[in-house]
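Engineer: Following this line is entry05.pdb, made up of PDB, C-alpha atoms, pLDDT in the B column:
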ATOM      1  CA  MET A 168       0.000   0.000   0.000  1.00 40.00           C
ATOM      2  CA  THR A 169       1.384   3.360  -0.968  1.00 43.00           C
ATOM      3  CA  SER A 170       0.795   6.217   1.421  1.00 43.00           C
ATOM      4  CA  THR A 171       0.637   9.790   0.300  1.00 46.00           C
ATOM      5  CA  MET A 172       2.711  12.414   1.976  1.00 47.00           C
ATOM      6  CA  PRO A 173       0.942  15.437   3.493  1.00 47.00           C
ATOM      7  CA  GLN A 174       2.756  17.666   0.981  1.00 45.00           C
ATOM      8  CA  ASP A 175       1.080  15.764  -1.852  1.00 53.00           C
ATOM      9  CA  ASP A 176      -2.383  16.636  -0.582  1.00 89.00           C
ATOM     10  CA  PHE A 177      -1.428  20.264  -0.067  1.00 92.00           C
ATOM     11  CA  TYR A 178       0.168  20.580  -3.496  1.00 91.00           C
ATOM     12  CA  ALA A 179      -2.957  19.106  -5.122  1.00 93.00           C
ATOM     13  CA  LYS A 180      -4.947  21.919  -3.480  1.00 95.00           C
ATOM     14  CA  VAL A 181      -2.386  24.447  -4.735  1.00 95.00           C
ATOM     15  CA  ARG A 182      -2.752  23.194  -8.300  1.00 94.00           C
ATOM     16  CA  ARG A 183      -6.564  23.283  -8.049  1.00 95.00           C
ATOM     17  CA  GLY A 184      -6.371  26.830  -6.667  1.00 96.00           C
ATOM     18  CA  MET A 185      -3.987  28.243  -9.269  1.00 96.00           C
ATOM     19  CA  PRO A 186      -6.621  28.702 -12.006  1.00 97.00           C
ATOM     20  CA  ARG A 187      -8.842  30.560  -9.520  1.00 96.00           C
ATOM     21  CA  LEU A 188      -5.922  32.753  -8.493  1.00 96.00           C
ATOM     22  CA  VAL A 189      -5.101  33.632 -12.121  1.00 96.00           C
ATOM     23  CA  ALA A 190      -8.809  34.141 -12.870  1.00 96.00           C
ATOM     24  CA  GLN A 191      -9.194  36.547  -9.971  1.00 96.00           C
ATOM     25  CA  TRP A 192      -6.223  38.609 -11.131  1.00 94.00           C
ATOM     26  CA  ARG A 193      -7.568  38.562 -14.696  1.00 94.00           C
ATOM     27  CA  ASP A 194     -11.064  39.562 -13.531  1.00 94.00           C
ATOM     28  CA  LEU A 195      -9.777  42.446 -11.417  1.00 94.00           C
ATOM     29  CA  GLY A 196      -7.358  43.678 -14.072  1.00 90.00           C
ATOM     30  CA  ARG A 197      -8.503  46.826 -15.774  1.00 85.00           C
ATOM     31  CA  ASP A 198      -7.166  46.289 -19.236  1.00 91.00           C
ATOM     32  CA  SER A 199      -7.673  44.175 -22.330  1.00 94.00           C
ATOM     33  CA  PRO A 200      -6.889  40.465 -22.075  1.00 93.00           C
ATOM     34  CA  GLU A 201      -3.930  40.951 -24.424  1.00 95.00           C
ATOM     35  CA  ARG A 202      -2.449  43.683 -22.218  1.00 96.00           C
ATOM     36  CA  LEU A 203      -3.071  41.655 -19.057  1.00 96.00           C
ATOM     37  CA  ALA A 204      -1.177  38.703 -20.537  1.00 96.00           C
ATOM     38  CA  LEU A 205       1.686  41.032 -21.471  1.00 96.00           C
ATOM     39  CA  LEU A 206       1.636  42.619 -18.002  1.00 96.00           C
ATOM     40  CA  LEU A 207       1.809  39.221 -16.330  1.00 96.00           C
ATOM     41  CA  ALA A 208       4.849  38.142 -18.357  1.00 97.00           C
ATOM     42  CA  GLU A 209       6.665  41.469 -18.156  1.00 97.00           C
ATOM     43  CA  THR A 210       6.096  41.722 -14.406  1.00 97.00           C
ATOM     44  CA  ALA A 211       7.509  38.215 -13.982  1.00 97.00           C
ATOM     45  CA  ARG A 212      10.624  39.256 -15.861  1.00 97.00           C
ATOM     46  CA  VAL A 213      11.108  42.665 -14.228  1.00 96.00           C
ATOM     47  CA  ALA A 214      10.369  41.483 -10.680  1.00 96.00           C
ATOM     48  CA  ARG A 215      12.533  38.399 -11.286  1.00 95.00           C
ATOM     49  CA  ILE A 216       9.736  36.061 -10.362  1.00 96.00           C
ATOM     50  CA  GLY A 217      10.283  33.981 -13.457  1.00 92.00           C
ATOM     51  CA  LEU A 218      11.545  34.040 -16.995  1.00 92.00           C
ATOM     52  CA  PRO A 219       8.670  33.161 -19.319  1.00 95.00           C
ATOM     53  CA  GLU A 220       9.972  31.736 -22.574  1.00 91.00           C
ATOM     54  CA  ALA A 221       7.232  33.585 -24.404  1.00 93.00           C
ATOM     55  CA  THR A 222       4.571  36.107 -23.551  1.00 95.00           C
ATOM     56  CA  PRO A 223       1.210  34.350 -23.328  1.00 96.00           C
ATOM     57  CA  ASP A 224      -1.633  35.572 -25.474  1.00 96.00           C
ATOM     58  CA  ALA A 225      -5.151  36.398 -24.301  1.00 95.00           C
ATOM     59  CA  ALA A 226      -6.418  32.907 -25.141  1.00 96.00           C
ATOM     60  CA  THR A 227      -3.692  31.291 -23.051  1.00 95.00           C
ATOM     61  CA  LEU A 228      -4.444  33.561 -20.107  1.00 95.00           C
ATOM     62  CA  ALA A 229      -8.133  32.668 -20.405  1.00 95.00           C
ATOM     63  CA  ALA A 230      -7.278  28.963 -20.569  1.00 95.00           C
ATOM     64  CA  TRP A 231      -5.150  29.256 -17.419  1.00 96.00           C
ATOM     65  CA  SER A 232      -8.241  30.625 -15.660  1.00 94.00           C
ATOM     66  CA  GLU A 233     -10.258  27.459 -16.318  1.00 93.00           C
ATOM     67  CA  ALA A 234     -10.640  24.956 -13.480  1.00 86.00           C
ATOM     68  CA  GLU A 235      -9.021  22.079 -15.360  1.00 86.00           C
ATOM     69  CA  ALA A 236      -5.862  24.097 -16.118  1.00 81.00           C
ATOM     70  CA  GLY A 237      -4.179  23.579 -12.734  1.00 75.00           C
ATOM     71  CA  ASP A 238      -1.367  21.412 -14.068  1.00 84.00           C
ATOM     72  CA  GLU A 239      -0.872  23.566 -17.174  1.00 91.00           C
ATOM     73  CA  ILE A 240      -0.245  26.884 -15.431  1.00 94.00           C
ATOM     74  CA  PRO A 241       3.441  27.696 -15.215  1.00 95.00           C
ATOM     75  CA  LEU A 242       4.557  28.508 -11.694  1.00 95.00           C
ATOM     76  CA  TRP A 243       5.838  31.931 -12.784  1.00 97.00           C
ATOM     77  CA  ALA A 244       2.301  32.903 -13.855  1.00 96.00           C
ATOM     78  CA  ALA A 245       0.698  31.962 -10.536  1.00 97.00           C
ATOM     79  CA  ARG A 246       3.523  33.560  -8.552  1.00 97.00           C
ATOM     80  CA  THR A 247       3.249  36.761 -10.586  1.00 98.00           C
ATOM     81  CA  ALA A 248      -0.535  36.877 -10.249  1.00 97.00           C
ATOM     82  CA  THR A 249      -0.094  36.568  -6.467  1.00 98.00           C
ATOM     83  CA  PHE A 250       2.537  39.314  -6.501  1.00 97.00           C
ATOM     84  CA  LEU A 251       0.144  41.617  -8.370  1.00 97.00           C
ATOM     85  CA  LEU A 252      -2.972  40.717  -6.351  1.00 97.00           C
ATOM     86  CA  VAL A 253      -1.236  41.423  -3.050  1.00 96.00           C
ATOM     87  CA  GLN A 254      -0.461  44.952  -4.231  1.00 94.00           C
ATOM     88  CA  MET A 255      -3.947  45.813  -5.495  1.00 94.00           C
ATOM     89  CA  PRO A 256      -5.728  48.637  -3.662  1.00 93.00           C
ATOM     90  CA  ALA A 257      -8.953  46.594  -3.816  1.00 92.00           C
ATOM     91  CA  ARG A 258      -7.347  44.173  -1.327  1.00 96.00           C
ATOM     92  CA  PRO A 259      -8.593  40.965  -2.922  1.00 97.00           C
ATOM     93  CA  THR A 260      -8.521  37.755  -0.921  1.00 97.00           C
ATOM     94  CA  PRO A 261      -8.723  34.083  -1.866  1.00 97.00           C
ATOM     95  CA  ARG A 262     -12.283  32.968  -2.513  1.00 95.00           C
ATOM     96  CA  ASP A 263     -11.953  29.385  -1.244  1.00 95.00           C
ATOM     97  CA  ALA A 264      -9.573  27.022   0.525  1.00 95.00           C
ATOM     98  CA  ASP A 265      -7.842  25.756  -2.625  1.00 96.00           C
ATOM     99  CA  GLU A 266      -7.207  29.283  -3.844  1.00 97.00           C
ATOM    100  CA  ALA A 267      -5.886  30.197  -0.375  1.00 97.00           C
ATOM    101  CA  CYS A 268      -3.420  27.306  -0.642  1.00 97.00           C
ATOM    102  CA  ALA A 269      -2.247  28.632  -4.024  1.00 97.00           C
ATOM    103  CA  TRP A 270      -1.822  32.165  -2.607  1.00 98.00           C
ATOM    104  CA  ALA A 271       0.107  30.846   0.417  1.00 98.00           C
ATOM    105  CA  TYR A 272       2.335  28.611  -1.711  1.00 97.00           C
ATOM    106  CA  CYS A 273       3.157  31.479  -4.067  1.00 97.00           C
ATOM    107  CA  TRP A 274       3.668  33.918  -1.176  1.00 97.00           C
ATOM    108  CA  LEU A 275       6.401  31.681   0.222  1.00 96.00           C
ATOM    109  CA  ARG A 276       7.934  31.110  -3.221  1.00 95.00           C
ATOM    110  CA  ASN A 277       8.043  34.847  -3.994  1.00 96.00           C
ATOM    111  CA  ARG A 278      10.189  35.786  -1.002  1.00 93.00           C
ATOM    112  CA  ASP A 279      12.749  34.118   1.212  1.00 92.00           C
ATOM    113  CA  PHE A 280      11.502  33.913   4.787  1.00 95.00           C
ATOM    114  CA  ALA A 281      13.577  32.660   7.700  1.00 95.00           C
ATOM    115  CA  SER A 282      10.533  31.339   9.559  1.00 95.00           C
ATOM    116  CA  LEU A 283       6.804  30.818   9.340  1.00 96.00           C
ATOM    117  CA  GLU A 284       6.358  33.667  11.803  1.00 96.00           C
ATOM    118  CA  ALA A 285       8.308  36.013   9.518  1.00 97.00           C
ATOM    119  CA  ALA A 286       6.168  34.975   6.551  1.00 97.00           C
ATOM    120  CA  GLN A 287       2.972  35.561   8.548  1.00 96.00           C
ATOM    121  CA  ALA A 288       4.160  38.939   9.816  1.00 96.00           C
ATOM    122  CA  ALA A 289       4.994  40.081   6.281  1.00 96.00           C
ATOM    123  CA  LEU A 290       1.480  39.347   4.997  1.00 96.00           C
ATOM    124  CA  PRO A 291      -0.663  42.414   4.369  1.00 95.00           C
ATOM    125  CA  ALA A 292      -3.267  42.829   7.142  1.00 94.00           C
ATOM    126  CA  HIS A 293      -6.180  41.929   4.866  1.00 95.00           C
ATOM    127  CA  LEU A 294      -4.634  38.506   4.176  1.00 96.00           C
ATOM    128  CA  GLN A 295      -3.690  37.577   7.753  1.00 93.00           C
ATOM    129  CA  ALA A 296      -6.951  35.791   8.586  1.00 93.00           C
ATOM    130  CA  THR A 297      -7.660  34.479   5.097  1.00 94.00           C
ATOM    131  CA  LEU A 298      -4.297  32.742   4.810  1.00 96.00           C
ATOM    132  CA  GLY A 299      -4.182  31.756   8.488  1.00 90.00           C
ATOM    133  CA  ALA A 300      -4.649  28.034   7.869  1.00 92.00           C
ATOM    134  CA  ALA A 301      -3.045  27.813   4.432  1.00 96.00           C
ATOM    135  CA  LEU A 302       0.264  29.481   5.266  1.00 97.00           C
ATOM    136  CA  PRO A 303       1.352  26.927   7.907  1.00 96.00           C
ATOM    137  CA  ALA A 304       0.453  24.148   5.457  1.00 95.00           C
ATOM    138  CA  ALA A 305       2.486  25.887   2.748  1.00 96.00           C
ATOM    139  CA  TRP A 306       5.383  26.217   5.172  1.00 95.00           C
ATOM    140  CA  ARG A 307       5.264  22.490   6.006  1.00 93.00           C
ATOM    141  CA  ASP A 308       5.194  21.740   2.285  1.00 90.00           C
ATOM    142  CA  ARG A 309       8.176  24.027   1.659  1.00 88.00           C
ATOM    143  CA  GLU A 310      10.168  22.527   4.528  1.00 85.00           C
ATOM    144  CA  GLY A 311       9.281  18.993   3.430  1.00 80.00           C
ATOM    145  CA  LEU A 312      10.829  19.649   0.036  1.00 68.00           C
ATOM    146  CA  ARG A 313      14.217  20.744   1.393  1.00 54.00           C
ATOM    147  CA  LEU A 314      17.082  18.328   1.126  1.00 45.00           C
ATOM    148  CA  VAL A 315      18.868  17.479   4.347  1.00 41.00           C
TER     149      VAL A 315
END
Turn this file's structure into structure tokens for me.
Structural biologist:
Amino acid sequence: MTSTMPQDDFYAKVRRGMPRLVAQWRDLGRDSPERLALLLAETARVARIGLPEATPDAATLAAWSEAEAGDEIPLWAARTATFLLVQMPARPTPRDADEACAWAYCWLRNRDFASLEAAQAALPAHLQATLGAALPAAWRDREGLRLV
């Protein structure tokens, strides 16, 4: 019998939440889908979140927002969407537990934190409660992936 590691369950939630995260950023963006796709890729490059091989088009961005796209979304896109959402004056928050896991996972991947407490303290106030359960799970996942 094969047992699954706790990280596996958490990461499955992250992947299910990534399309919702990208969709929320896309929905809140105040520009054309083409410009939003360009903004996502250029922000990833400038903020050094990732190096997209190519700039996605509007259709790709829309596809990444579909529920079944979890495994197709490049990590740089989800991380960049999180980076941009956190800075929005509208103060968006995750809309469900899977999306909260995606936000928390990306939050930890976007910055280097010495401890879970440091990561929690750095969260904007409007995300403290919403990511309260997801961030410790993301931290356990992150720590479980480190080589000893």
Engineer: Going by the chain IDs and residue numbers used in this file, which residues fall under the PyMOL selection byres ((chain A and resi 182-190) around 7)? Write them as a list in words.
Structural biologist: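 Those residues are Tyr178, Ala179, Lys180, Val181, Gln191, Trp192, Arg193, Asp194, Trp231, Ser232, Glu233, Ala234, Ala236, Gly237, Asp238, Ala245, Ala248, Asp265, Glu266, Cys268 and Ala269 of chain A.
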Engineer: So what do you get for CA of Leu228 in chain A versus CA of Arg197 in chain A, distance-wise?
Structural biologist: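 Going from CA of Leu228 in chain A over to CA of Arg197 in chain A, I get 14.5 Å.
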Engineer: Taking the file as shown, find all residues satisfying the PyMOL selection byres ((chain A and resi 204) around 12) and write them as a ChimeraX atom specification.
Structural biologist: /A:189-190,192-193,196-203,205-211,219,221-232,244,247-248
Engineer: Measuring between all atoms listed in the file, which one of A:Leu275, A:Ala305, A:Ala296, A:Ala214 shows the shortest distance to Pro261 in chain A?
Structural biologist: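 For Pro261 in chain A, the nearest of the given residues is A:Ala296.
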Engineer: Quick one: apply the PyMOL selection byres ((chain A and resi 259) around 12) to the file and drop the selected residues here as an NGL selection string.
Structural biologist: :A and (188 or 191-192 or 194-196 or 248-258 or 260-262 or 266-267 or 270 or 291-294 or 297)
Engineer: For Ser282 in chain A, please output as a short mmCIF file (atom, residue, chain, number, x, y, z; two decimals) with C-alpha atoms, in the coordinates of the input all residues within 12 Å (counting all atoms listed in the file; exclusion window: fewer than 2 positions along the same chain).
Structural biologist:
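That gives us result_22.cif:
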data_model
loop_
_atom_site.label_atom_id
_atom_site.label_comp_id
_atom_site.auth_asym_id
_atom_site.auth_seq_id
_atom_site.Cartn_x
_atom_site.Cartn_y
_atom_site.Cartn_z
CA LEU A 275 6.40 31.68 0.22
CA ARG A 278 10.19 35.79 -1.00
CA ASP A 279 12.75 34.12 1.21
CA PHE A 280 11.50 33.91 4.79
CA GLU A 284 6.36 33.67 11.80
CA ALA A 285 8.31 36.01 9.52
CA ALA A 286 6.17 34.98 6.55
CA GLN A 287 2.97 35.56 8.55
CA ALA A 288 4.16 38.94 9.82
CA ALA A 289 4.99 40.08 6.28
CA LEU A 302 0.26 29.48 5.27
CA PRO A 303 1.35 26.93 7.91
CA ALA A 305 2.49 25.89 2.75
CA TRP A 306 5.38 26.22 5.17
CA ARG A 307 5.26 22.49 6.01
CA ARG A 309 8.18 24.03 1.66
CA GLU A 310 10.17 22.53 4.53
#
Engineer: May I ask for the distance between CA of Cys273 in chain A and CA of Arg246 in chain A, given in Å to one decimal place?
Structural biologist: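 Interatomic distance, CA of Cys273 in chain A to CA of Arg246 in chain A: 5.0 Å.
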